[in-house]
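Participant: Here you go, this is structure.cif (mmCIF, C-alpha atoms).
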data_query
#
loop_
_atom_site.label_atom_id
_atom_site.label_comp_id
_atom_site.auth_asym_id
_atom_site.auth_seq_id
_atom_site.Cartn_x
_atom_site.Cartn_y
_atom_site.Cartn_z
CA MET A 1 2.27 -27.44 -55.16
CA LYS A 2 5.37 -25.47 -54.34
CA LYS A 3 8.69 -26.92 -53.33
CA SER A 4 10.79 -25.09 -50.77
CA LEU A 5 14.42 -24.44 -51.74
CA GLY A 6 15.63 -22.59 -48.65
CA ALA A 7 17.34 -19.21 -48.53
CA HIS A 8 18.84 -18.48 -51.96
CA THR A 9 19.44 -15.51 -54.27
CA ILE A 10 17.12 -16.42 -57.13
CA VAL A 11 15.16 -13.83 -59.10
CA TYR A 12 14.30 -13.54 -62.79
CA PRO A 13 15.49 -11.56 -64.63
CA SER A 14 18.90 -10.62 -63.22
CA PRO A 15 21.00 -8.17 -65.22
CA VAL A 16 24.54 -8.22 -66.55
CA PHE A 17 25.98 -4.82 -65.68
CA ILE A 18 29.61 -4.10 -66.57
CA ILE A 19 30.97 -1.63 -64.03
CA GLY A 20 33.70 0.79 -65.08
CA SER A 21 36.09 2.34 -62.53
CA TYR A 22 39.63 3.70 -62.19
CA ASP A 23 42.20 2.36 -59.76
CA GLN A 24 44.64 4.47 -57.75
CA ALA A 25 47.09 4.65 -60.66
CA GLY A 26 44.38 5.63 -63.12
CA LYS A 27 44.17 2.20 -64.77
CA PRO A 28 40.62 1.54 -66.00
CA ASN A 29 38.87 -1.59 -64.82
CA ALA A 30 35.66 -3.37 -65.84
CA MET A 31 33.76 -5.87 -63.72
CA ALA A 32 30.58 -7.87 -64.29
CA VAL A 33 27.81 -7.46 -61.70
CA ALA A 34 24.45 -9.24 -61.56
CA TRP A 35 23.33 -7.92 -58.17
CA GLY A 36 21.75 -4.55 -58.99
CA GLY A 37 18.99 -2.48 -60.55
CA ILE A 38 17.38 0.94 -60.63
CA CYS A 39 16.53 2.07 -57.09
CA CYS A 40 15.14 5.62 -57.33
CA SER A 41 13.43 7.84 -59.93
CA LYS A 42 14.31 11.26 -58.40
CA PRO A 43 17.23 11.60 -58.30
CA PRO A 44 17.64 8.85 -60.90
CA CYS A 45 19.75 6.20 -59.17
CA VAL A 46 21.05 2.70 -59.80
CA ALA A 47 22.20 0.26 -57.11
CA ILE A 48 25.03 -2.23 -57.56
CA SER A 49 26.42 -4.65 -54.96
CA LEU A 50 30.08 -5.66 -54.75
CA ARG A 51 32.10 -7.79 -52.38
CA LYS A 52 34.86 -6.00 -50.49
CA ALA A 53 37.36 -8.47 -51.97
CA THR A 54 36.87 -7.14 -55.51
CA TYR A 55 39.32 -4.70 -57.07
CA SER A 56 36.44 -2.45 -58.16
CA TYR A 57 35.28 -2.07 -54.54
CA GLY A 58 38.42 -0.13 -53.61
CA ASN A 59 38.28 1.86 -56.85
CA ILE A 60 34.71 3.05 -56.28
CA MET A 61 35.28 3.74 -52.59
CA ALA A 62 38.24 6.00 -53.49
CA ARG A 63 36.86 7.70 -56.62
CA LYS A 64 33.16 7.87 -55.58
CA ALA A 65 32.17 7.18 -59.16
CA PHE A 66 31.42 4.33 -61.57
CA THR A 67 29.78 3.65 -64.88
CA VAL A 68 27.21 1.00 -65.70
CA ASN A 69 27.72 -0.41 -69.19
CA ILE A 70 24.91 -2.49 -70.69
CA PRO A 71 26.28 -5.14 -73.07
CA SER A 72 24.88 -6.33 -76.40
CA GLU A 73 24.79 -10.01 -77.24
CA LYS A 74 27.83 -9.53 -79.48
CA LEU A 75 29.83 -8.48 -76.38
CA ILE A 76 28.96 -11.62 -74.41
CA ILE A 77 32.49 -13.09 -74.45
CA GLN A 78 34.07 -9.88 -73.15
CA SER A 79 31.28 -9.42 -70.59
CA ASP A 80 31.76 -12.92 -69.20
CA TYR A 81 35.53 -12.40 -69.12
CA PHE A 82 35.04 -9.20 -67.07
CA GLY A 83 33.33 -11.36 -64.43
CA MET A 84 35.97 -14.10 -64.36
CA VAL A 85 39.21 -12.24 -63.73
CA SER A 86 40.28 -9.58 -61.21
CA GLY A 87 41.64 -6.20 -62.30
CA ARG A 88 44.26 -6.80 -59.63
CA ASP A 89 45.78 -9.51 -61.85
CA GLU A 90 45.09 -8.35 -65.40
CA ASN A 91 44.52 -5.20 -67.41
CA LYS A 92 41.10 -6.26 -68.64
CA PHE A 93 40.80 -3.49 -71.24
CA GLU A 94 44.10 -4.46 -72.86
CA LYS A 95 43.24 -8.16 -72.78
CA SER A 96 39.72 -7.71 -74.16
CA GLY A 97 40.68 -5.13 -76.78
CA LEU A 98 37.89 -2.81 -75.69
CA THR A 99 38.24 0.95 -75.29
CA ALA A 100 38.03 2.85 -72.00
CA VAL A 101 36.69 6.39 -72.48
CA ARG A 102 37.21 8.93 -69.70
CA SER A 103 33.83 10.31 -68.60
CA GLU A 104 33.60 14.08 -68.64
CA LEU A 105 31.04 13.96 -65.84
CA VAL A 106 32.39 11.48 -63.29
CA ASP A 107 35.77 10.07 -62.30
CA ALA A 108 35.28 6.74 -64.08
CA PRO A 109 35.67 5.26 -67.56
CA TYR A 110 32.92 3.94 -69.79
CA ILE A 111 33.33 1.39 -72.57
CA ALA A 112 33.21 2.82 -76.10
CA GLU A 113 31.95 -0.39 -77.72
CA PHE A 114 29.00 -0.83 -75.33
CA PRO A 115 25.66 0.43 -76.68
CA LEU A 116 24.26 2.02 -73.50
CA VAL A 117 26.22 3.50 -70.60
CA LEU A 118 25.28 5.29 -67.37
CA GLU A 119 27.70 7.73 -65.71
CA CYS A 120 27.19 7.66 -61.96
CA THR A 121 28.46 9.46 -58.91
CA CYS A 122 28.32 7.32 -55.78
CA ILE A 123 26.03 9.06 -53.28
CA HIS A 124 25.57 6.29 -50.67
CA THR A 125 27.13 3.02 -49.60
CA HIS A 126 25.21 0.45 -47.56
CA GLU A 127 26.81 -2.45 -45.72
CA ILE A 128 24.46 -5.40 -46.04
CA GLY A 129 26.61 -8.46 -45.44
CA LEU A 130 29.05 -10.14 -47.82
CA HIS A 131 28.10 -7.41 -50.31
CA THR A 132 28.28 -3.64 -50.03
CA GLN A 133 25.67 -1.74 -51.98
CA PHE A 134 26.72 1.37 -53.90
CA ILE A 135 23.99 3.84 -54.85
CA GLY A 136 24.97 5.73 -57.98
CA GLU A 137 23.17 8.88 -59.03
CA ILE A 138 22.83 8.69 -62.81
CA LEU A 139 24.14 11.95 -64.28
CA ASP A 140 23.82 10.92 -67.91
CA VAL A 141 22.73 8.04 -70.12
CA LYS A 142 24.64 7.73 -73.39
CA VAL A 143 23.34 5.51 -76.19
CA GLU A 144 24.81 4.52 -79.54
CA GLU A 145 23.05 6.74 -82.06
CA THR A 146 22.21 3.84 -84.38
CA MET A 147 20.27 2.11 -81.60
CA PHE A 148 17.25 4.36 -81.24
CA ASP A 149 13.60 3.96 -82.11
CA GLY A 150 12.57 7.60 -82.55
CA ASP A 151 13.89 9.45 -79.50
CA GLN A 152 14.08 6.37 -77.23
CA PRO A 153 16.75 3.66 -77.00
CA ASP A 154 15.48 0.50 -78.73
CA ILE A 155 15.92 -2.72 -76.71
CA GLN A 156 15.55 -4.77 -79.91
CA LYS A 157 18.53 -3.03 -81.48
CA ILE A 158 20.63 -2.96 -78.30
CA LYS A 159 20.04 -6.70 -77.68
CA PRO A 160 20.97 -6.83 -73.99
CA PHE A 161 21.01 -10.18 -72.22
CA ILE A 162 20.16 -11.51 -68.80
CA TYR A 163 21.95 -13.70 -66.27
CA ASP A 164 20.22 -16.86 -65.10
CA MET A 165 21.87 -17.97 -61.86
CA THR A 166 19.95 -21.23 -61.76
CA SER A 167 21.46 -22.58 -64.99
CA SER A 168 24.66 -20.45 -64.85
CA SER A 169 23.93 -19.08 -68.28
CA TYR A 170 22.93 -16.04 -70.27
CA TYR A 171 19.66 -15.61 -72.13
CA GLY A 172 18.68 -13.10 -74.78
CA ILE A 173 15.57 -10.92 -74.82
CA GLY A 174 12.57 -12.54 -76.51
CA GLN A 175 9.35 -11.28 -78.07
CA LYS A 176 7.47 -8.14 -77.11
CA LEU A 177 4.50 -9.45 -75.12
CA ALA A 178 2.32 -6.44 -74.26
CA LEU A 179 2.21 -2.76 -73.42
CA SER A 180 2.63 -1.93 -69.76
CA PHE A 181 0.07 0.15 -67.85
CA SER A 182 -2.32 -1.00 -70.54
CA ILE A 183 -3.00 -4.75 -70.77
CA GLY A 184 -4.00 -4.76 -67.08
CA LYS A 185 -7.10 -2.72 -67.97
CA GLU A 186 -8.73 -5.99 -68.98
CA ILE A 187 -9.33 -6.60 -65.26
CA MET B 1 29.01 7.86 -81.75
CA LYS B 2 26.95 8.08 -78.60
CA LYS B 3 24.03 10.41 -78.04
CA SER B 4 23.51 11.90 -74.60
CA LEU B 5 20.03 11.53 -73.12
CA GLY B 6 20.53 13.25 -69.77
CA ALA B 7 19.75 11.83 -66.35
CA HIS B 8 17.23 8.99 -66.72
CA THR B 9 16.44 5.62 -65.16
CA ILE B 10 17.24 3.32 -68.08
CA VAL B 11 18.79 -0.12 -67.64
CA TYR B 12 18.20 -3.44 -69.41
CA PRO B 13 16.86 -5.76 -68.19
CA SER B 14 14.53 -4.43 -65.49
CA PRO B 15 12.40 -6.94 -63.63
CA VAL B 16 8.70 -7.25 -62.91
CA PHE B 17 8.46 -8.12 -59.23
CA ILE B 18 5.01 -8.46 -57.66
CA ILE B 19 5.29 -7.50 -54.01
CA GLY B 20 2.94 -9.09 -51.47
CA SER B 21 2.09 -7.40 -48.17
CA TYR B 22 -0.67 -7.13 -45.56
CA ASP B 23 -2.34 -3.89 -44.55
CA GLN B 24 -3.31 -2.94 -40.99
CA ALA B 25 -6.59 -4.83 -41.23
CA GLY B 26 -4.87 -7.94 -42.60
CA LYS B 27 -6.06 -7.40 -46.18
CA PRO B 28 -3.48 -8.79 -48.64
CA ASN B 29 -2.12 -6.47 -51.30
CA ALA B 30 -0.01 -7.00 -54.42
CA MET B 31 1.99 -4.30 -56.20
CA ALA B 32 4.21 -4.33 -59.30
CA VAL B 33 7.77 -3.06 -58.85
CA ALA B 34 10.48 -2.67 -61.52
CA TRP B 35 13.05 -0.93 -59.33
CA GLY B 36 14.86 -3.78 -57.60
CA GLY B 37 17.20 -6.77 -57.72
CA ILE B 38 19.34 -9.07 -55.62
CA CYS B 39 21.70 -7.03 -53.43
CA CYS B 40 23.62 -9.48 -51.21
CA SER B 41 24.63 -13.16 -51.26
CA LYS B 42 25.14 -13.64 -47.49
CA PRO B 43 22.63 -13.14 -46.03
CA PRO B 44 20.69 -13.61 -49.27
CA CYS B 45 18.88 -10.32 -49.81
CA VAL B 46 16.74 -8.60 -52.42
CA ALA B 47 16.22 -4.83 -52.71
CA ILE B 48 12.96 -3.22 -53.83
CA SER B 49 12.21 0.50 -54.07
CA LEU B 50 8.79 2.01 -53.38
CA ARG B 51 7.41 5.53 -53.24
CA LYS B 52 6.04 6.63 -49.88
CA ALA B 53 2.72 7.35 -51.61
CA THR B 54 2.08 3.67 -52.32
CA TYR B 55 -0.20 1.57 -50.14
CA SER B 56 2.45 -1.16 -49.91
CA TYR B 57 4.96 1.29 -48.41
CA GLY B 58 2.90 1.64 -45.21
CA ASN B 59 2.20 -2.09 -45.13
CA ILE B 60 5.88 -3.05 -45.29
CA MET B 61 6.93 -0.35 -42.84
CA ALA B 62 4.41 -1.70 -40.30
CA ARG B 63 4.82 -5.45 -40.88
CA LYS B 64 8.57 -5.49 -41.68
CA ALA B 65 7.95 -8.19 -44.25
CA PHE B 66 7.09 -8.72 -47.91
CA THR B 67 7.13 -11.37 -50.60
CA VAL B 68 8.58 -11.09 -54.09
CA ASN B 69 6.48 -13.01 -56.60
CA ILE B 70 7.99 -13.66 -60.04
CA PRO B 71 5.29 -13.83 -62.72
CA SER B 72 5.02 -16.14 -65.72
CA GLU B 73 4.00 -14.79 -69.11
CA LYS B 74 0.51 -16.21 -68.57
CA LEU B 75 0.12 -13.89 -65.54
CA ILE B 76 0.98 -10.75 -67.51
CA ILE B 77 -2.52 -9.21 -67.37
CA GLN B 78 -2.76 -9.61 -63.59
CA SER B 79 0.83 -8.38 -63.12
CA ASP B 80 0.18 -5.24 -65.13
CA TYR B 81 -3.06 -4.65 -63.23
CA PHE B 82 -1.16 -4.88 -59.91
CA GLY B 83 0.94 -1.92 -61.12
CA MET B 84 -1.99 0.22 -62.26
CA VAL B 85 -4.26 0.38 -59.24
CA SER B 86 -3.70 1.16 -55.55
CA GLY B 87 -4.60 -1.28 -52.80
CA ARG B 88 -6.10 1.73 -51.07
CA ASP B 89 -8.86 1.77 -53.68
CA GLU B 90 -9.37 -1.87 -54.62
CA ASN B 91 -8.96 -5.36 -53.20
CA LYS B 92 -6.57 -6.50 -55.92
CA PHE B 93 -6.71 -10.18 -54.99
CA GLU B 94 -10.51 -10.25 -55.22
CA LYS B 95 -10.50 -8.34 -58.51
CA SER B 96 -7.77 -10.42 -60.13
CA GLY B 97 -9.09 -13.75 -58.87
CA LEU B 98 -5.66 -14.76 -57.58
CA THR B 99 -5.03 -16.44 -54.24
CA ALA B 100 -3.17 -14.89 -51.30
CA VAL B 101 -1.41 -17.53 -49.19
CA ARG B 102 -0.26 -16.58 -45.68
CA SER B 103 3.48 -17.18 -45.38
CA GLU B 104 4.48 -19.35 -42.45
CA LEU B 105 7.84 -17.57 -42.25
CA VAL B 106 7.08 -13.87 -42.57
CA ASP B 107 4.11 -11.57 -41.97
CA ALA B 108 3.17 -11.26 -45.65
CA PRO B 109 1.16 -13.15 -48.27
CA TYR B 110 2.52 -14.79 -51.39
CA ILE B 111 0.52 -15.54 -54.53
CA ALA B 112 -0.42 -19.20 -55.03
CA GLU B 113 -0.60 -18.99 -58.83
CA PHE B 114 2.89 -17.46 -59.23
CA PRO B 115 5.65 -19.95 -60.11
CA LEU B 116 8.45 -18.57 -57.93
CA VAL B 117 8.13 -16.64 -54.68
CA LEU B 118 10.58 -15.24 -52.13
CA GLU B 119 9.57 -14.73 -48.50
CA CYS B 120 11.44 -11.78 -47.05
CA THR B 121 11.86 -10.05 -43.74
CA CYS B 122 12.73 -6.38 -44.09
CA ILE B 123 16.11 -5.82 -42.41
CA HIS B 124 16.94 -2.28 -43.64
CA THR B 125 15.25 0.73 -45.19
CA HIS B 126 17.22 3.38 -47.07
CA GLU B 127 15.86 6.81 -47.95
CA ILE B 128 17.23 7.69 -51.38
CA GLY B 129 14.87 10.34 -52.74
CA LEU B 130 11.41 9.85 -54.24
CA HIS B 131 11.90 6.14 -53.53
CA THR B 132 12.65 4.30 -50.30
CA GLN B 133 14.65 1.14 -50.66
CA PHE B 134 13.62 -1.92 -48.64
CA ILE B 135 16.23 -4.63 -48.12
CA GLY B 136 14.56 -7.98 -47.67
CA GLU B 137 16.42 -10.95 -46.28
CA ILE B 138 15.24 -13.96 -48.28
CA LEU B 139 14.19 -16.67 -45.81
CA ASP B 140 12.89 -19.09 -48.42
CA VAL B 141 12.40 -19.52 -52.15
CA LYS B 142 9.36 -21.56 -53.15
CA VAL B 143 8.98 -22.85 -56.70
CA GLU B 144 6.16 -24.69 -58.44
CA GLU B 145 7.24 -28.33 -58.47
CA THR B 146 6.49 -28.77 -62.19
CA MET B 147 8.95 -25.99 -63.06
CA PHE B 148 12.27 -27.58 -62.25
CA ASP B 149 15.14 -28.85 -64.38
CA GLY B 150 16.66 -31.43 -62.04
CA ASP B 151 17.05 -29.73 -58.66
CA GLN B 152 17.08 -26.15 -60.03
CA PRO B 153 14.20 -23.89 -61.09
CA ASP B 154 13.99 -23.79 -64.90
CA ILE B 155 13.69 -20.31 -66.40
CA GLN B 156 12.37 -21.81 -69.63
CA LYS B 157 9.44 -23.41 -67.80
CA ILE B 158 8.81 -20.45 -65.50
CA LYS B 159 8.77 -17.99 -68.45
CA PRO B 160 9.34 -14.75 -66.52
CA PHE B 161 9.27 -11.47 -68.41
CA ILE B 162 11.06 -8.15 -68.25
CA TYR B 163 9.97 -4.53 -68.19
CA ASP B 164 11.30 -2.19 -70.86
CA MET B 165 10.82 1.36 -69.65
CA THR B 166 11.89 2.86 -72.97
CA SER B 167 9.00 1.34 -74.92
CA SER B 168 6.65 0.94 -71.93
CA SER B 169 6.27 -2.73 -72.67
CA TYR B 170 7.04 -6.24 -71.50
CA TYR B 171 9.38 -8.68 -73.25
CA GLY B 172 9.77 -12.41 -72.81
CA ILE B 173 13.01 -14.31 -72.27
CA GLY B 174 14.71 -15.40 -75.48
CA GLN B 175 17.27 -18.04 -76.41
CA LYS B 176 20.00 -19.41 -74.19
CA LEU B 177 23.16 -17.72 -75.48
CA ALA B 178 26.08 -19.15 -73.52
CA LEU B 179 27.28 -20.56 -70.20
CA SER B 180 28.48 -17.97 -67.70
CA PHE B 181 31.96 -18.12 -66.14
CA SER B 182 32.82 -20.15 -69.21
CA ILE B 183 32.56 -18.41 -72.59
CA GLY B 184 34.87 -15.65 -71.32
CA LYS B 185 37.73 -18.16 -71.26
CA GLU B 186 38.13 -17.50 -74.99
CA ILE B 187 39.95 -14.29 -73.99
#
What is this structure when it is put down as structure tokens?
Facilitator:
Amino acid sequence: MKKSLGAHTIVYPSPVFIIGSYDQAGKPNAMAVAWGGICCSKPPCVAISLRKATYSYGNIMARKAFTVNIPSEKLIIQSDYFGMVSGRDENKFEKSGLTAVRSELVDAPYIAEFPLVLECTCIHTHEIGLHTQFIGEILDVKVEETMFDGDQPDIQKIKPFIYDMTSSSYYGIGQKLALSFSIGKEI
Amino acid sequence: MKKSLGAHTIVYPSPVFIIGSYDQAGKPNAMAVAWGGICCSKPPCVAISLRKATYSYGNIMARKAFTVNIPSEKLIIQSDYFGMVSGRDENKFEKSGLTAVRSELVDAPYIAEFPLVLECTCIHTHEIGLHTQFIGEILDVKVEETMFDGDQPDIQKIKPFIYDMTSSSYYGIGQKLALSFSIGKEI
């Protein structure tokens, strides 16, 4: 039997994306976002949703660019901090001790210490409600060179984590369960 | 040092959403989608991206409704199957042995055996490129009553899994790492 919870934003898994942007003065900012995901294969695009009230909203609207930085477990304290404080009030790079690197492809900074980063140019914005959705075309994916398995990034080395909104907590990635487009052949 | 991979759709984690819809004749269909995520808090909305070539695309365009069904690990074979075959060619509910339940809220079926389902009415479509993005307003979340921790769904009981596009495989959810909006206070 199923129990009805009403209208809520609950899905598993939800990501922890750290969004890099520049403000008007060129100060880098980083913000944590859980509302997002890949949204198109050609061109390769990622969607992120931000409230208008956030500092990053104005940054991305003005610069038409952002980065998506995927954290490792060892960056969990900094990642949570990026979601707790506004760039309007603090210089989050200075406070966290992390390094903003100017992208050569888009007008946004990525985070040197993060294992996997996407450099995105904002090609669409969609007003949905409380949140505005930014569609970023992914111009490049950069991955720490020690975190590959052959020629592909290795999720087991990168150790990303997920956001669970129902327990307000972060979970790691568990065991490999099966190959995709493969185990379903049993049916 | 980071290595540049070029323009690719790589983020961690990516979800495994099973999308329920009805075709013109009222036949239920289920399709696996990894391009998606929550996109707005008010109204609560989830975004999913589909290629026009899919059978579900026409279903959702016509019915303006879909469900998002979150699988448990024990449904991994059926979930993978739903991503391998088109509803144009097979009755995926009959083949998989799973049960389509008519939603009382939207013109789409959800899957009885899945632990957590969202019933959505499609309020926007966005053409991005190869994929079209459907924005679903979440009218209700239904959760198996044995899978709660107090009054909240329990991710450790539900046991969802993630899709890793870099190794073409599925991973489970690991350990709880930290509380969100909390551990960042150390900075």
Participant: Once the PyMOL selection byres ((chain B) within 6 of (chain A)) has been applied to the shown file, what residues remain in the selection, as an NGL selection string?
Facilitator: :B and (1-9 or 13 or 15 or 35-40 or 42 or 44 or 49 or 77 or 80-81 or 84 or 129-131 or 138-145 or 152 or 166 or 168-181 or 183-184)
Participant: Determine the residue set returned by the PyMOL selection byres ((chain A and resi 107) around 8) for the present structure, and present it as a list in words.
Facilitator: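 Matching residues under the PyMOL selection byres ((chain A and resi 107) around 8) are Ser21, Tyr22, Arg63, Lys64, Ala65, Phe66, Arg102, Ser103, Glu104, Leu105, Val106, Ala108 and Pro109 of chain A.
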Participant: Nearest to B:Val101: which of B:Gly150, B:Ser56, B:Lys157, B:Thr67 is it, counting only C-alpha atoms?
Facilitator: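 Checking each of B:Gly150, B:Ser56, B:Lys157, B:Thr67 against B:Val101, counting only C-alpha atoms, the winner is B:Thr67.
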Participant: Please, what distance in Å, to one decimal, runs between atom CA of B:Asn91 and atom CA of B:Asn29?
Facilitator: 7.2 Å
Participant: To one decimal place, how far is atom CA of B:Ile60 from atom CA of B:Ile18 in Å?
Facilitator: 13.5 Å
